[in-house]
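The file entry.txt comes next; it holds compact mmCIF, C-alpha atoms and all ligand atoms.
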```txt
# COMPACT_ATOMS: atom_id res chain seq x y z
CA MET A 1 -11.39 15.73 13.06
CA TYR A 2 -13.58 12.65 12.61
CA VAL A 3 -14.30 10.19 15.36
CA PRO A 4 -15.00 6.58 14.36
CA GLU A 5 -18.49 5.29 15.05
CA ASP A 6 -19.18 2.99 17.98
CA CYS A 7 -17.32 5.32 20.28
CA ASP A 8 -18.68 4.59 23.74
CA SER A 9 -15.96 5.02 26.33
CA SER A 10 -15.28 1.28 26.85
CA ASN A 11 -14.74 0.66 23.15
CA MET A 12 -12.70 3.82 22.77
CA MET A 13 -10.23 2.30 25.23
CA GLU A 14 -9.72 -0.57 22.78
CA LYS A 15 -9.56 1.44 19.60
CA LEU A 16 -6.20 2.19 18.13
CA ILE A 17 -7.55 5.04 16.03
CA THR A 18 -9.83 7.29 18.05
CA ALA A 19 -9.84 10.23 15.63
CA TYR A 20 -8.59 11.04 12.15
CA ARG A 21 -8.57 13.57 9.37
CA PHE A 22 -8.77 12.81 5.71
CA GLU A 23 -8.20 14.72 2.49
CA LEU A 24 -8.61 14.01 -1.16
CA VAL A 25 -5.19 14.09 -2.81
CA GLU A 26 -4.30 14.06 -6.46
CA ASP A 27 -2.17 11.11 -7.45
CA HIS A 28 1.23 12.69 -6.88
CA HIS A 29 2.82 10.40 -9.43
CA SER A 30 0.35 11.50 -12.08
CA PRO A 31 -0.52 15.18 -11.58
CA GLY A 32 -3.19 16.33 -14.00
CA SER A 33 -4.39 12.80 -14.65
CA GLY A 34 -7.63 13.36 -12.75
CA ARG A 35 -6.86 10.39 -10.52
CA TYR A 36 -7.36 10.87 -6.82
CA GLY A 37 -6.58 8.99 -3.66
CA VAL A 38 -7.17 9.72 0.01
CA LEU A 39 -4.69 10.63 2.72
CA VAL A 40 -5.81 9.81 6.25
CA THR A 41 -3.77 11.44 9.01
CA LEU A 42 -3.77 10.08 12.52
CA PRO A 43 -2.87 11.53 15.90
CA GLU A 44 -2.09 8.05 17.23
CA ASP A 45 0.90 5.94 16.20
CA ILE A 46 -0.43 2.77 14.53
CA SER A 47 2.95 1.02 14.16
CA ALA A 48 1.87 -1.73 16.54
CA VAL A 49 -0.88 -2.93 14.20
CA LEU A 50 1.32 -3.23 11.11
CA PRO A 51 2.47 -6.84 11.77
CA TYR A 52 -1.18 -7.90 12.15
CA LEU A 53 -2.17 -6.14 8.95
CA ASN A 54 0.85 -7.76 7.30
CA SER A 55 -0.60 -11.16 8.13
CA LEU A 56 -4.10 -10.23 7.00
CA LEU A 57 -3.86 -8.14 3.84
CA ASP A 58 -3.23 -9.38 0.32
CA ASP A 59 0.00 -8.90 -1.55
CA THR A 60 1.82 -7.05 1.22
CA TRP A 61 5.15 -5.29 1.11
CA TYR A 62 6.51 -4.63 4.58
CA ASP A 63 9.57 -2.62 5.46
CA GLN A 64 10.04 -2.72 9.21
CA ASP A 65 13.02 -0.40 9.30
CA ASN A 66 11.00 2.38 7.76
CA GLN A 67 7.67 1.29 9.25
CA VAL A 68 5.87 1.11 5.92
CA LEU A 69 3.32 -1.52 5.00
CA ILE A 70 1.66 -1.67 1.60
CA GLY A 71 -1.17 -4.10 1.02
CA SER A 72 -4.56 -4.66 -0.56
CA SER A 73 -8.02 -5.42 0.73
CA ASN A 74 -11.14 -5.82 -1.42
CA GLY A 75 -9.22 -4.66 -4.46
CA ARG A 76 -8.08 -1.41 -2.90
CA ARG A 77 -4.43 -0.60 -2.28
CA TYR A 78 -3.24 0.95 1.00
CA ALA A 79 0.04 2.27 2.35
CA PHE A 80 0.26 2.40 6.14
CA ARG A 81 2.79 4.50 8.04
CA PRO A 82 2.86 5.32 11.76
CA HIS A 83 0.71 8.43 11.49
CA GLU A 84 -0.95 8.14 8.11
CA ILE A 85 -2.73 5.84 5.71
CA GLN A 86 -2.73 6.47 2.00
CA ILE A 87 -5.57 4.97 0.03
CA GLY A 88 -4.93 4.22 -3.64
CA VAL A 89 -7.01 5.51 -6.48
CA ILE A 90 -10.69 5.87 -5.58
CA PRO A 91 -13.53 5.81 -8.13
CA ASP A 92 -14.61 9.42 -7.51
CA ALA A 93 -14.28 12.20 -4.96
CA SER A 94 -17.55 11.29 -3.26
CA ALA A 95 -15.96 7.98 -2.16
CA ALA A 96 -13.27 9.72 -0.08
CA SER A 97 -15.16 9.86 3.21
CA ARG A 98 -16.44 6.29 2.92
CA SER A 99 -13.01 4.96 1.96
CA ALA A 100 -11.36 6.72 4.90
CA GLY A 101 -13.97 5.35 7.28
CA GLU A 102 -13.56 1.83 5.92
CA VAL A 103 -9.82 1.69 6.41
CA VAL A 104 -10.04 3.20 9.90
CA ASP A 105 -12.65 0.59 10.75
CA LEU A 106 -10.40 -2.13 9.34
CA VAL A 107 -7.45 -1.04 11.49
CA ASN A 108 -9.60 -0.83 14.61
CA ARG A 109 -11.17 -4.24 14.00
CA VAL A 110 -7.79 -5.86 13.49
CA TRP A 111 -6.52 -4.22 16.65
CA LEU A 112 -9.52 -5.44 18.64
CA GLU A 113 -9.05 -8.98 17.30
CA ARG A 114 -5.27 -9.07 17.56
CA ASP A 115 -5.19 -11.69 20.33
CA ARG A 116 -6.70 -14.16 17.87
CA MET A 117 -4.23 -13.35 15.13
CA MET A 118 -0.64 -14.31 14.50
CA PRO A 119 1.30 -11.16 13.62
CA SER A 120 3.81 -11.39 10.84
CA SER A 121 7.09 -9.53 10.48
CA ARG A 122 7.75 -11.16 7.12
CA GLU A 123 9.39 -8.52 5.00
CA ARG A 124 9.30 -7.93 1.31
CA LYS A 125 11.21 -5.02 -0.03
CA LEU A 126 9.98 -3.33 -3.16
CA PRO A 127 12.27 -2.85 -6.16
CA THR A 128 13.38 0.78 -6.46
CA ILE A 129 11.56 3.15 -8.78
CA TYR A 130 14.74 3.59 -10.78
CA ALA A 131 15.25 -0.15 -11.21
CA LEU A 132 11.76 -0.33 -12.72
CA PHE A 133 12.07 2.88 -14.69
CA ARG A 134 15.21 1.82 -16.54
CA LEU A 135 13.37 -1.29 -17.80
CA LEU A 136 10.34 0.59 -19.11
CA PRO A 137 10.16 1.45 -22.83
CA ARG A 138 10.71 5.19 -22.25
CA ALA A 139 9.28 5.62 -25.72
CA LEU A 140 7.56 8.58 -27.33
CA CYS A 141 4.05 7.30 -26.87
CA GLU A 142 0.60 8.73 -26.22
CA LYS A 143 0.68 7.54 -22.63
CA PRO A 144 -1.90 4.78 -22.92
CA CYS A 145 -0.86 3.71 -19.41
CA GLY A 146 -2.65 6.79 -18.05
CA CYS A 147 0.49 8.14 -16.36
CA PRO A 148 2.25 11.31 -17.52
CA SER A 149 5.63 9.58 -17.91
CA CYS A 150 7.44 6.29 -17.57
CA LEU A 151 8.85 7.54 -14.28
CA ALA A 152 5.35 8.09 -12.93
CA PHE A 153 4.34 4.67 -14.19
CA ALA A 154 7.36 3.12 -12.44
CA ALA A 155 6.35 4.78 -9.17
CA ASP A 156 2.78 3.48 -9.46
CA LEU A 157 3.93 0.05 -10.57
CA ARG A 158 6.13 -0.19 -7.51
CA THR A 159 3.24 0.25 -5.11
CA GLY A 160 0.80 -1.83 -7.14
CA ALA A 161 -1.35 1.15 -8.11
CA VAL A 162 -1.11 0.06 -11.76
CA PRO A 163 -0.59 -3.42 -13.22
CA LEU A 164 2.27 -4.14 -15.61
CA GLU A 165 -0.25 -4.75 -18.39
CA GLN A 166 -1.25 -1.10 -18.29
CA CYS A 167 1.78 -0.29 -20.44
CA PRO A 168 0.79 -1.97 -23.74
CA LEU A 169 4.28 -1.55 -25.17
CA LEU A 170 5.60 -4.07 -22.67
CA SER A 171 3.35 -6.68 -24.25
CA THR A 172 5.02 -6.30 -27.63
CA PRO A 173 7.87 -8.63 -28.69
CA GLN A 174 10.28 -5.70 -28.72
CA TYR A 175 10.00 -5.28 -24.96
CA ALA A 176 9.44 -8.91 -23.97
CA ASP A 177 12.85 -9.10 -22.32
CA ASN A 178 12.24 -5.90 -20.36
CA ARG A 179 8.91 -7.26 -19.19
CA ASN A 180 10.54 -10.50 -18.04
CA GLN A 181 13.19 -8.56 -16.14
CA ILE A 182 10.53 -6.51 -14.35
CA VAL A 183 8.63 -9.65 -13.39
CA ALA A 184 11.92 -11.12 -12.16
CA LEU A 185 12.59 -8.03 -10.03
CA PHE A 186 9.32 -8.49 -8.20
CA SER A 187 9.88 -12.24 -7.91
CA ALA A 188 13.32 -11.63 -6.41
CA SER A 189 11.77 -9.33 -3.84
CA ARG A 190 9.25 -12.01 -3.01
CA SER A 191 11.82 -14.75 -2.49
CA GLU A 192 13.92 -12.43 -0.31
CA GLY A 193 10.83 -11.93 1.80
CA SER A 194 10.05 -15.60 2.11
CA GLY A 195 13.62 -16.64 2.84
CA PRO A 196 14.72 -17.97 6.20
CA ALA A 197 16.17 -14.68 7.43
CA ALA A 198 13.15 -12.61 6.57
CA ASP A 199 10.38 -15.11 7.04
CA ARG A 200 10.30 -14.85 10.76
CA GLU A 201 6.84 -14.95 12.15
CA CYS A 202 6.55 -13.09 15.42
CA GLN A 203 5.53 -15.02 18.43
CA LYS A 204 2.60 -13.60 20.30
CA GLY A 205 3.78 -11.03 22.77
CA ASP A 206 6.91 -10.14 20.78
S1 LIG B 1 2.62 3.60 -21.95
FE1 LIG B 1 4.54 2.60 -21.31
S2 LIG B 1 6.12 3.65 -22.51
FE2 LIG B 1 4.32 4.97 -22.56
S3 LIG B 1 4.56 6.39 -20.81
FE3 LIG B 1 3.36 4.64 -20.09
S4 LIG B 1 4.88 3.27 -19.19
FE4 LIG B 1 5.99 4.67 -20.52
```

Give the structure from this file in structure tokens form.
Ligand code: SF4
Amino acid sequence: MYVPEDCDSSNMMEKLITAYRFELVEDHHSPGSGRYGVLVTLPEDISAVLPYLNSLLDDTWYDQDNQVLIGSSNGRRYAFRPHEIQIGVIPDASAASRSAGEVVDLVNRVWLERDRMMPSSRERKLPTIYALFRLLPRALCEKPCGCPSCLAFAADLRTGAVPLEQCPLLSTPQYADNRNQIVALFSASRSEGSGPAADRECQKGD
């Protein structure tokens, strides 16, 4: 169990994450691909910080009902749940410890600064994996996307782990309509999230 730095007793009182474990995990959507991420497990429930992270991170997808927040910071993709943080693909295994420490530090800093921040409960729901999968080429190809199958690509596309451009077939005229439909799926999710019902910023103290 790791304890974040700067752990004198007064600061520990303010920290949301006081200890954590991390492990290197193979990309479960792409077993055998040699791509790895990091799973950070937490004894504390970090649900309370999710609305603040939702207002801070880039390109967030927030599902309050299921307490899942996906977002990016400094080009790295994260998925936050009450007792875990998944870190998207890391450059190599030696980056696991540093990456885990960075995201724990991020959460603790946001928690410490929360009184200065406006939390956001704005929701964006991701398209389903199947909705994306059925629009992919599903062709006999040599997997230039780096995923073992279109289904794996759909799963990664959903969470932002891979960009749409990583499937070169979608850039061909034959699949132009499919590509447009996928873009529209994500756009629809965005407009749902920014609509009047969902775009409800929390008031401080909510
Ligand atoms: S390159 Fe495209 S068609 Fe081929 S497996 Fe990847 S997502 Fe599917």

Report the centre and edge lengths, in Å to one decimal, of an axis-aligned box enclosing every atom of ligand LIG 1 (chain B) listed in the file, padded by 8 Å on each side, as AutoDock Vina command-line options.
```
--center_x 4.4 --center_y 4.5 --center_z -20.9 --size_x 19.5 --size_y 19.8 --size_z 19.4
```

- Surrounding residues of A:Ala95 excluding itself and chain neighbours under 3 positions, 12 Å, all atoms listed in the file, as a ChimeraX atom specification: /A:22-24,36-38,87-92,98-102

Hey, could you make a per-residue contact list for chain A against ligand LIG 1 (chain B) with 8 Å as the cut-off, showing the nearest pair of atoms and its distance in Å to one decimal, counting all atoms listed in the file, sorted by chain and number, as a Markdown table?
```
| residue | atom | partner | partner_atom | distance |
| --- | --- | --- | --- | --- |
| A:Leu136 | CA | B:LIG1 | S4 | 6.1 |
| A:Pro137 | CA | B:LIG1 | S2 | 4.6 |
| A:Arg138 | CA | B:LIG1 | S2 | 4.8 |
| A:Ala139 | CA | B:LIG1 | S2 | 4.9 |
| A:Leu140 | CA | B:LIG1 | FE2 | 6.8 |
| A:Cys141 | CA | B:LIG1 | FE2 | 4.9 |
| A:Glu142 | CA | B:LIG1 | FE2 | 6.4 |
| A:Lys143 | CA | B:LIG1 | S3 | 4.4 |
| A:Pro144 | CA | B:LIG1 | S1 | 4.8 |
| A:Cys145 | CA | B:LIG1 | S1 | 4.3 |
| A:Gly146 | CA | B:LIG1 | FE3 | 6.7 |
| A:Cys147 | CA | B:LIG1 | FE3 | 5.9 |
| A:Pro148 | CA | B:LIG1 | S3 | 6.4 |
| A:Ser149 | CA | B:LIG1 | S3 | 4.4 |
| A:Cys150 | CA | B:LIG1 | FE4 | 3.7 |
| A:Leu151 | CA | B:LIG1 | FE4 | 7.4 |
| A:Ala152 | CA | B:LIG1 | S4 | 7.9 |
| A:Phe153 | CA | B:LIG1 | S4 | 5.2 |
| A:Ala154 | CA | B:LIG1 | S4 | 7.2 |
| A:Gln166 | CA | B:LIG1 | S1 | 7.1 |
| A:Cys167 | CA | B:LIG1 | FE1 | 4.1 |
| A:Pro168 | CA | B:LIG1 | S1 | 6.1 |
| A:Leu169 | CA | B:LIG1 | FE1 | 5.7 |
| A:Leu170 | CA | B:LIG1 | FE1 | 6.9 |
```

- Item | Pick from A:Asn180, A:Phe186, A:Asp115, A:Thr159 nearest to A:Ala79, counting all atoms listed in the file |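 Selected residue with least distance to A:Ala79: A:Thr159.
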
- Shell of 12 Å around stretch 71-77 of chain A, all atoms listed in the file, local chain residues under 2 positions omitted, as number ranges by chain: A: 37-38, 50-63, 68-69, 79-81, 85-91, 99-100, 102-103, 106-107, 124, 126, 156-163

- Message: Show me, as JSON, numbers by chain, the residues that have an atom within 9 Å of A:Arg114 when counting all atoms listed in the file, minus same-chain residues fewer than 5 positions from it.
- Response: {"A": [49, 52, 109, 119]}

- Query: Can you tell me, as a PyMOL selection string, what residues are no more than 7 Å from A:Leu16 when counting all atoms listed in the file, ignoring any on the same chain fewer than 5 positions away?
  - Reply: chain A and resi 46+108+111

Generate the coordinates of N, CA and C atoms for stretch 150-182 of chain A; report them as a short mmCIF file (atom, residue, chain, number, x, y, z; two decimals), in the coordinates of the input.
```
data_model
loop_
_atom_site.label_atom_id
_atom_site.label_comp_id
_atom_site.auth_asym_id
_atom_site.auth_seq_id
_atom_site.Cartn_x
_atom_site.Cartn_y
_atom_site.Cartn_z
N CYS A 150 7.02 7.62 -18.01
CA CYS A 150 7.44 6.29 -17.57
C CYS A 150 7.86 6.32 -16.10
N LEU A 151 8.43 7.45 -15.68
CA LEU A 151 8.85 7.54 -14.28
C LEU A 151 7.64 7.45 -13.35
N ALA A 152 6.58 8.15 -13.73
CA ALA A 152 5.35 8.09 -12.93
C ALA A 152 4.77 6.69 -12.94
N PHE A 153 4.84 6.04 -14.10
CA PHE A 153 4.34 4.67 -14.19
C PHE A 153 5.17 3.75 -13.28
N ALA A 154 6.48 3.95 -13.28
CA ALA A 154 7.36 3.12 -12.44
C ALA A 154 6.99 3.28 -10.97
N ALA A 155 6.71 4.52 -10.57
CA ALA A 155 6.35 4.78 -9.17
C ALA A 155 5.05 4.08 -8.81
N ASP A 156 4.07 4.14 -9.72
CA ASP A 156 2.78 3.48 -9.46
C ASP A 156 2.90 1.96 -9.53
N LEU A 157 3.73 1.50 -10.45
CA LEU A 157 3.93 0.05 -10.57
C LEU A 157 4.53 -0.51 -9.29
N ARG A 158 5.43 0.25 -8.73
CA ARG A 158 6.13 -0.19 -7.51
C ARG A 158 5.16 -0.45 -6.37
N THR A 159 4.17 0.41 -6.24
CA THR A 159 3.24 0.25 -5.11
C THR A 159 2.00 -0.55 -5.49
N GLY A 160 1.95 -1.02 -6.74
CA GLY A 160 0.80 -1.83 -7.14
C GLY A 160 -0.39 -1.01 -7.57
N ALA A 161 -0.22 0.32 -7.70
CA ALA A 161 -1.35 1.15 -8.11
C ALA A 161 -1.73 0.89 -9.56
N VAL A 162 -0.79 0.45 -10.37
CA VAL A 162 -1.11 0.06 -11.76
C VAL A 162 -0.51 -1.32 -12.02
N PRO A 163 -1.17 -2.13 -12.84
CA PRO A 163 -0.59 -3.42 -13.22
C PRO A 163 0.38 -3.24 -14.39
N LEU A 164 1.28 -4.18 -14.52
CA LEU A 164 2.27 -4.14 -15.61
C LEU A 164 1.60 -4.04 -16.97
N GLU A 165 0.45 -4.70 -17.11
CA GLU A 165 -0.25 -4.75 -18.39
C GLU A 165 -0.75 -3.38 -18.83
N GLN A 166 -0.72 -2.42 -17.92
CA GLN A 166 -1.25 -1.10 -18.29
C GLN A 166 -0.32 -0.35 -19.24
N CYS A 167 0.90 -0.82 -19.38
CA CYS A 167 1.78 -0.29 -20.44
C CYS A 167 1.72 -1.29 -21.60
N PRO A 168 0.95 -1.00 -22.65
CA PRO A 168 0.79 -1.97 -23.74
C PRO A 168 2.08 -2.25 -24.48
N LEU A 169 3.02 -1.33 -24.45
CA LEU A 169 4.28 -1.55 -25.17
C LEU A 169 5.03 -2.75 -24.59
N LEU A 170 4.89 -2.95 -23.30
CA LEU A 170 5.60 -4.07 -22.67
C LEU A 170 5.07 -5.43 -23.12
N SER A 171 3.91 -5.42 -23.75
CA SER A 171 3.35 -6.68 -24.25
C SER A 171 3.78 -6.98 -25.68
N THR A 172 4.56 -6.08 -26.25
CA THR A 172 5.02 -6.30 -27.63
C THR A 172 6.34 -7.10 -27.59
N PRO A 173 6.63 -7.83 -28.67
CA PRO A 173 7.87 -8.63 -28.69
C PRO A 173 9.12 -7.79 -28.43
N GLN A 174 9.10 -6.55 -28.88
CA GLN A 174 10.28 -5.70 -28.72
C GLN A 174 10.68 -5.54 -27.25
N TYR A 175 9.70 -5.53 -26.37
CA TYR A 175 10.00 -5.28 -24.96
C TYR A 175 9.76 -6.52 -24.09
N ALA A 176 9.70 -7.68 -24.73
CA ALA A 176 9.44 -8.91 -23.97
C ALA A 176 10.52 -9.14 -22.91
N ASP A 177 11.76 -8.87 -23.28
CA ASP A 177 12.85 -9.10 -22.32
C ASP A 177 12.76 -8.13 -21.14
N ASN A 178 12.41 -6.88 -21.45
CA ASN A 178 12.24 -5.90 -20.36
C ASN A 178 11.13 -6.35 -19.40
N ARG A 179 10.04 -6.81 -20.01
CA ARG A 179 8.91 -7.26 -19.19
C ARG A 179 9.35 -8.41 -18.28
N ASN A 180 10.08 -9.36 -18.84
CA ASN A 180 10.54 -10.50 -18.04
C ASN A 180 11.45 -10.05 -16.90
N GLN A 181 12.28 -9.05 -17.19
CA GLN A 181 13.19 -8.56 -16.14
C GLN A 181 12.41 -7.86 -15.02
N ILE A 182 11.35 -7.16 -15.39
CA ILE A 182 10.53 -6.51 -14.35
C ILE A 182 9.84 -7.56 -13.49
#
```
